[in-house]
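Novice: This is the content of structure.txt (compact mmCIF, C-alpha atoms):
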```txt
# COMPACT_ATOMS: atom_id res chain seq x y z
CA MET C 1168 106.23 93.87 89.41
CA THR C 1169 102.64 94.55 88.42
CA LYS C 1170 102.10 97.54 86.16
CA PHE C 1171 100.97 100.57 88.12
CA GLU C 1172 97.74 100.79 86.10
CA ASP C 1173 96.85 97.20 87.07
CA LEU C 1174 97.32 97.57 90.83
CA THR C 1175 94.51 96.53 93.17
CA ILE C 1176 94.13 96.58 96.95
CA GLN C 1177 95.90 93.18 96.96
CA ASN C 1178 99.15 94.94 96.11
CA ASN C 1179 100.85 95.75 99.40
CA PHE C 1180 102.23 99.07 98.15
CA LEU C 1181 98.77 100.30 97.20
CA PHE C 1182 97.22 98.82 100.34
CA GLN C 1183 99.59 100.72 102.63
CA GLN C 1184 98.94 103.91 100.66
CA VAL C 1185 95.18 103.45 101.22
CA MET C 1186 95.80 102.77 104.92
CA ARG C 1187 97.38 106.20 105.25
CA ASN C 1188 93.80 107.45 105.28
CA PRO C 1189 93.06 107.43 109.04
CA ARG C 1190 89.31 107.03 108.61
CA ILE C 1191 89.68 103.93 106.43
CA CYS C 1192 92.47 102.43 108.53
CA LYS C 1193 90.58 103.00 111.79
CA ARG C 1194 87.36 101.40 110.50
CA LEU C 1195 89.20 98.40 109.08
CA ILE C 1196 91.03 97.67 112.35
CA GLU C 1197 87.80 98.08 114.32
CA GLU C 1198 85.93 95.66 112.08
CA LEU C 1199 88.66 93.02 111.89
CA LEU C 1200 89.43 93.01 115.62
CA ASN C 1201 85.91 93.81 116.83
CA ILE C 1202 87.09 96.76 118.92
CA LYS C 1203 86.40 100.49 119.15
CA ILE C 1204 89.10 103.10 118.63
CA ALA C 1205 88.53 106.72 119.62
CA GLU C 1206 91.55 108.18 117.83
CA LEU C 1207 94.24 106.89 115.49
CA SER C 1208 97.71 108.36 114.94
CA TYR C 1209 100.72 107.58 112.76
CA PRO C 1210 103.75 107.70 115.10
CA TYR C 1211 106.23 106.53 112.46
CA ALA C 1212 104.88 108.27 109.39
CA GLU C 1213 108.33 109.56 108.41
CA LYS C 1214 110.37 106.63 109.70
CA THR C 1215 111.65 103.64 107.74
CA ILE C 1216 112.97 100.32 109.00
CA GLN C 1217 116.61 100.24 107.96
CA THR C 1218 116.74 96.87 106.27
CA GLY C 1219 116.41 95.66 102.71
CA VAL C 1220 114.28 97.81 100.44
CA ASP C 1221 113.23 99.97 103.40
CA SER C 1222 116.80 101.27 103.73
CA ARG C 1223 116.17 103.17 100.49
CA GLY C 1224 113.38 105.15 102.12
CA ILE C 1225 110.33 103.06 101.22
CA ARG C 1226 108.04 101.75 103.92
CA LEU C 1227 106.31 98.47 103.09
CA ASP C 1228 104.02 98.25 106.10
CA ILE C 1229 101.86 100.68 108.04
CA ILE C 1230 102.04 101.30 111.79
CA VAL C 1231 99.36 103.19 113.67
CA ALA C 1232 98.56 103.76 117.35
CA ASP C 1233 95.29 104.34 119.19
CA GLU C 1234 94.49 106.58 122.14
CA ASN C 1235 95.80 103.91 124.56
CA ARG C 1236 99.09 103.74 122.61
CA THR C 1237 98.33 100.23 121.43
CA HIS C 1238 100.26 99.85 118.17
CA TYR C 1239 98.95 98.11 115.06
CA ASN C 1240 101.20 96.93 112.23
CA LEU C 1241 99.32 96.10 109.01
CA GLU C 1242 100.48 94.45 105.82
CA MET C 1243 98.86 92.82 102.80
CA GLN C 1244 100.13 89.40 101.69
CA VAL C 1245 99.24 87.79 98.36
CA LYS C 1246 101.76 84.96 98.04
CA ASN C 1247 102.23 82.19 100.58
CA ASN C 1248 106.01 82.00 100.20
CA LYS C 1249 107.60 78.84 101.55
CA SER C 1250 111.07 77.73 102.58
CA ALA C 1251 113.02 76.09 99.75
CA GLU C 1252 114.55 73.72 102.30
CA THR C 1253 111.58 72.67 104.43
CA GLY C 1254 108.55 73.69 102.38
CA GLU C 1255 107.13 75.43 105.46
CA PRO C 1256 105.43 78.84 105.11
CA LEU C 1257 107.78 81.73 105.84
CA LEU C 1258 105.16 84.15 107.15
CA PRO C 1259 104.90 82.77 110.73
CA LYS C 1260 108.64 83.18 111.35
CA ARG C 1261 108.55 86.58 109.70
CA THR C 1262 106.28 87.72 112.54
CA ARG C 1263 109.21 87.31 114.94
CA TYR C 1264 111.21 89.87 112.99
CA TYR C 1265 108.26 92.24 112.81
CA GLN C 1266 107.69 91.96 116.57
CA ALA C 1267 111.36 92.57 117.33
CA SER C 1268 111.47 95.62 115.04
CA LEU C 1269 108.28 97.02 116.53
CA ASP C 1270 109.52 96.53 120.09
CA MET C 1271 112.82 98.24 119.27
CA ASP C 1272 110.83 101.23 118.00
CA LEU C 1273 108.64 101.29 121.09
CA LEU C 1274 111.34 100.89 123.73
CA GLY C 1275 113.61 103.92 124.00
CA LYS C 1276 117.20 103.58 125.13
CA GLY C 1277 117.40 102.92 128.87
CA GLN C 1278 113.65 102.44 129.29
CA ASN C 1279 112.21 99.58 131.32
CA PHE C 1280 110.38 96.73 129.60
CA ASP C 1281 107.14 97.72 131.33
CA LYS C 1282 107.08 100.70 128.94
CA LEU C 1283 106.38 98.38 126.01
CA ASN C 1284 102.94 99.05 124.56
CA ASP C 1285 100.49 96.37 123.49
CA THR C 1286 100.93 95.47 119.83
CA TYR C 1287 98.96 93.82 117.05
CA ILE C 1288 100.70 92.53 113.94
CA ILE C 1289 98.00 92.06 111.30
CA PHE C 1290 98.58 90.25 108.02
CA ILE C 1291 95.70 90.38 105.55
CA CYS C 1292 96.26 87.34 103.34
CA ALA C 1293 94.72 86.43 99.99
CA PHE C 1294 95.20 82.77 100.95
CA ASP C 1295 94.48 80.46 103.88
CA LEU C 1296 97.80 80.12 105.70
CA PHE C 1297 96.56 77.36 108.03
CA ASP C 1298 94.02 75.61 105.77
CA GLU C 1299 91.20 75.63 108.33
CA GLY C 1300 88.85 77.94 106.46
CA ARG C 1301 88.73 80.58 109.20
CA TYR C 1302 88.38 84.28 108.53
CA ILE C 1303 90.65 85.17 111.45
CA TYR C 1304 93.52 83.36 113.16
CA THR C 1305 94.60 85.13 116.38
CA PHE C 1306 97.77 84.11 118.22
CA LYS C 1307 98.97 85.03 121.70
CA SER C 1308 101.66 83.43 123.86
CA GLN C 1309 100.04 80.65 125.90
CA CYS C 1310 101.22 77.97 128.29
CA GLN C 1311 101.25 74.52 126.66
CA GLU C 1312 100.58 72.83 129.99
CA SER C 1313 97.68 75.17 130.72
CA PRO C 1314 96.20 76.50 127.44
CA ASP C 1315 93.93 78.96 129.24
CA LEU C 1316 96.98 80.63 130.79
CA GLU C 1317 98.33 83.52 128.70
CA MET C 1318 101.79 84.98 129.18
CA GLY C 1319 100.35 88.49 129.08
CA ASN C 1320 103.21 90.10 127.17
CA GLY C 1321 100.82 92.29 125.18
CA ALA C 1322 101.85 90.91 121.77
CA THR C 1323 99.17 89.61 119.40
CA VAL C 1324 99.54 88.33 115.84
CA VAL C 1325 96.48 88.19 113.59
CA PHE C 1326 96.27 86.46 110.21
CA VAL C 1327 93.21 87.48 108.20
CA ASN C 1328 92.14 85.04 105.49
CA SER C 1329 90.25 86.72 102.63
CA LEU C 1330 89.10 83.27 101.45
CA GLY C 1331 87.65 82.30 104.82
CA SER C 1332 84.18 80.98 105.57
CA LYS C 1333 84.33 80.07 109.28
CA GLY C 1334 84.06 82.32 112.31
CA ASN C 1335 82.10 85.37 113.33
CA ILE C 1336 83.14 88.60 111.67
CA SER C 1337 81.06 91.64 110.86
CA PRO C 1338 79.26 92.07 107.52
CA MET C 1339 81.52 95.04 106.80
CA ALA C 1340 84.64 92.92 107.35
CA LYS C 1341 83.23 90.22 105.04
CA ASN C 1342 82.51 92.82 102.38
CA PHE C 1343 86.05 94.17 102.64
CA LEU C 1344 87.53 90.68 102.22
CA ALA C 1345 85.31 90.13 99.18
CA TYR C 1346 86.67 93.41 97.82
CA VAL C 1347 90.20 92.13 98.39
CA ASN C 1348 89.36 89.00 96.39
CA ASN C 1349 87.57 90.50 93.40
CA GLN C 1350 87.23 94.31 93.82
CA THR C 1351 83.48 94.01 94.40
CA VAL C 1352 81.98 97.19 95.86
CA SER C 1353 79.07 96.14 98.09
CA ASP C 1354 78.68 98.76 100.85
CA GLY C 1355 79.68 102.25 101.87
CA PHE C 1356 83.04 101.16 103.27
CA THR C 1357 84.19 99.26 100.19
CA GLU C 1358 82.94 102.17 98.09
CA GLU C 1359 85.19 104.48 100.13
CA VAL C 1360 88.15 102.10 99.78
CA ASP C 1361 87.61 101.76 96.05
CA ALA C 1362 87.43 105.54 95.66
CA ALA C 1363 90.75 105.84 97.53
CA VAL C 1364 92.31 103.23 95.24
CA THR C 1365 91.10 105.08 92.14
CA ALA C 1366 92.38 108.44 93.42
CA LEU C 1367 95.80 107.01 94.27
CA LYS C 1368 96.17 105.44 90.83
CA ARG C 1369 95.54 108.88 89.31
CA ASP C 1370 98.10 110.54 91.60
CA SER C 1371 101.47 111.30 90.00
CA GLU C 1372 103.34 111.23 93.34
CA THR C 1373 102.02 107.75 94.14
CA ARG C 1374 103.12 106.59 90.70
CA ARG C 1375 106.58 108.08 91.30
CA GLN C 1376 106.88 106.26 94.64
CA TYR C 1377 105.89 102.99 93.01
CA MET C 1378 108.53 103.47 90.32
CA LEU C 1379 111.06 104.17 93.05
CA LEU C 1380 110.12 100.93 94.75
CA GLU C 1381 110.44 99.06 91.46
CA MET C 1382 113.94 100.47 90.89
CA ALA C 1383 114.97 99.67 94.46
CA LEU C 1384 113.84 96.06 94.12
CA HIS C 1385 115.62 95.78 90.77
CA ASP C 1386 118.84 97.14 92.31
CA GLU C 1387 118.59 94.67 95.17
CA ARG C 1388 118.12 91.75 92.79
CA MET C 1389 121.11 92.84 90.72
CA GLU C 1390 123.23 93.29 93.83
CA GLY C 1391 122.23 89.82 95.01
CA ARG C 1392 123.22 88.34 91.66
CA ARG C 1393 126.59 90.10 91.76
CA GLU C 1394 127.25 88.80 95.26
CA GLY C 1395 126.23 85.31 94.16
CA ARG C 1396 128.61 85.38 91.20
CA SER C 1397 131.42 86.67 93.42
CA GLU C 1398 130.86 83.83 95.90
CA GLU C 1399 130.87 81.30 93.05
CA ARG C 1400 134.19 82.66 91.74
CA THR C 1401 135.69 82.53 95.22
CA ALA C 1402 134.58 78.92 95.71
CA ARG C 1403 135.88 77.92 92.27
CA ASN C 1404 139.26 79.56 92.91
CA ARG C 1405 139.49 77.81 96.27
CA ASP C 1406 138.86 74.43 94.65
CA ILE C 1407 141.49 75.10 92.00
CA ALA C 1408 144.00 76.12 94.66
CA LEU C 1409 143.33 72.94 96.66
CA ASP C 1410 143.78 70.78 93.54
CA MET C 1411 147.08 72.51 92.76
CA LEU C 1412 148.24 72.00 96.32
CA LYS C 1413 147.49 68.27 96.05
CA ASP C 1414 149.53 68.20 92.81
CA LYS C 1415 152.56 69.58 94.69
CA TYR C 1416 152.47 73.10 93.23
CA THR C 1417 154.25 75.66 95.38
CA LEU C 1418 152.33 78.42 97.11
CA ALA C 1419 153.97 80.95 94.83
CA GLN C 1420 152.79 79.01 91.77
CA ILE C 1421 149.28 78.70 93.18
```
Please express what this file holds, its structure, as structure tokens.

Specialist:
Amino acid sequence: MTKFEDLTIQNNFLFQQVMRNPRICKRLIEELLNIKIAELSYPYAEKTIQTGVDSRGIRLDIIVADENRTHYNLEMQVKNNKSAETGEPLLPKRTRYYQASLDMDLLGKGQNFDKLNDTYIIFICAFDLFDEGRYIYTFKSQCQESPDLEMGNGATVVFVNSLGSKGNISPMAKNFLAYVNNQTVSDGFTEEVDAAVTALKRDSETRRQYMLLEMALHDERMEGRREGRSEERTARNRDIALDMLKDKYTLAQI
């Protein structure tokens, strides 16, 4: 992991800490999606998704809701991780898990599906996932036979490309993406973001949380290695047993 002193807004941990500032988070969503939000709340501020690192009490994304109860899930992505088997980017399929987790949070036990709120899953990427040079890639469920026909399920996924050059986004959004790329402060908003970054890096509690995350990730890696070694031993023992069986050893001897 990056040293705490060297963190920038590109680091997802620091990004989600900055997004806990409602003024900054609200303005960023407004600029990226070209919408207006009257009020922003944090409905899951104390809740963690019980999977992986998050099961240790660390939240790696930020979820907020507006006055219409539309929910926004934000995360920063720096690496375009790809499948070792197919070479395809993993991020698109990851959105399915995010959507399912978000819907489970939104839909209480016994509630009808019409109670599901509209959602936006927003990934701010320091790379161009689709190699078309666009600032924004917005996806909704559409009919292949009739592309203008949307399913209308209220789910939207947005990939923001900090390296983009195509499309119409606001000057403030462009300045923020430039800040993501090289920490250039060029307007009042990026100045506010940069000040938040500086304050967080001076905060002892934020440092403690980052160290906790580092230890949790280390523990997970070690646990994964132990499980891998155990599986290797099991497979090796099975092969030995099969060879002994072929050589007419008794079960007791095996």

Novice: Write out as a PyMOL selection string each polymer residue whose atoms come within 12 Å of Leu1195 of chain C, counting only C-alpha atoms; drop sequence neighbours fewer than 4 positions from it.

Specialist: chain C and resi 1182+1185-1191+1199-1204+1207+1239+1241+1289+1291+1327+1336-1344+1356-1357+1359-1360

Novice: What's around Ala1408 of chain C at 10 Å? Count only C-alpha atoms, leave out sequence neighbours fewer than 6 positions away in its own chain, and write the answer as a PyMOL selection string.

Specialist: chain C and resi 1402+1414+1416+1418+1420-1421

Novice: Can you tell me which residues surround Met1318 of chain C at a distance of at most 9 Å, considering all atoms listed in the file, apart from same-chain residues fewer than 5 positions away, and format the answer as number ranges by chain?

Specialist: C: 1307-1310

Novice: Using only C-alpha atoms, which protein or nucleic acid residues come within 8 Å of segment 1364-1368 of chain C? Drop anything in the same chain fewer than 3 positions from it, and give the result as an NGL selection string.

Specialist: :C and (1171-1172 or 1174-1176 or 1181 or 1184-1185 or 1360-1361 or 1371 or 1373-1374)

Novice: List the spatial neighbours of Phe1306 of chain C as a PyMOL selection string - criterion: any atom at most 8 Å away, all atoms listed in the file, same-chain residues fewer than 2 positions off excluded.

Specialist: chain C and resi 1304+1308+1323-1325

Novice: One decimal, in Å: what's the spacing between atom CA of Ser1329 of chain C and atom CA of Cys1292 of chain C?

Specialist: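 Between these atoms lies a distance of 6.1 Å.
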
Novice: Of the candidates C:Glu1372, C:Glu1299, C:Asp1285, C:Glu1197, which shows the shortest atom-to-atom distance to Ala1322 of chain C, using only C-alpha atoms?

Specialist: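 Checking each of C:Glu1372, C:Glu1299, C:Asp1285, C:Glu1197 against Ala1322 of chain C, counting only C-alpha atoms, the winner is C:Asp1285.
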
Novice: Just to confirm, what's the straight-line distance from atom CA of Ile1288 of chain C to atom CA of Val1231 of chain C in Å (one decimal)?

Specialist: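 These two atoms are separated by 10.7 Å.
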
Novice: Under the rule that only C-alpha atoms are counted, which of C:Leu1296, C:Val1352, C:Asp1270, C:Asn1335 is the nearest residue to Asn1248 of chain C?

Specialist: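 The shortest atom-to-atom distance to Asn1248 of chain C comes from C:Leu1296.
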
Novice: Just checking: using all atoms listed in the file, which residue out of C:Ala1362, C:Asn1404, C:Val1347, C:Pro1210 ends up closest to Phe1294 of chain C?

Specialist: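 Answer, going by the shortest atom-to-atom distance: C:Val1347.
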
Novice: What does the distance from atom CA of Leu1269 of chain C to atom CA of Thr1237 of chain C come to in Å, to one decimal?

Specialist: 11.5 Å

Novice: Would you compute the box with edges along x, y and z of the file around segment 1361-1373 of chain C, including every atom the file lists for it and 3 Å extra on each side, and give its centre and edge lengths in Å to one decimal, as JSON?

Specialist:
```
{"center_x": 95.4, "center_y": 106.5, "center_z": 93.4, "size_x": 21.9, "size_y": 15.5, "size_z": 14.2}
```

Novice: In terms of the shortest atom-to-atom distance over only C-alpha atoms, which of C:Gln1244, C:Ala1363, C:Lys1260, C:Leu1330 is closest to Asn1178 of chain C?

Specialist: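 The shortest atom-to-atom distance to Asn1178 of chain C comes from C:Gln1244.
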
Novice: Nearest to Ile1303 of chain C: which of C:Lys1246, C:Arg1400, C:Lys1415, C:Lys1333 is it, counting all atoms listed in the file?

Specialist: C:Lys1333

Novice: Tell me which of C:Met1389, C:Asp1406, C:Met1243, C:Pro1256 sits closest to Asn1328 of chain C, counting all atoms listed in the file.

Specialist: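 Result for the nearest residue to Asn1328 of chain C: C:Met1243.
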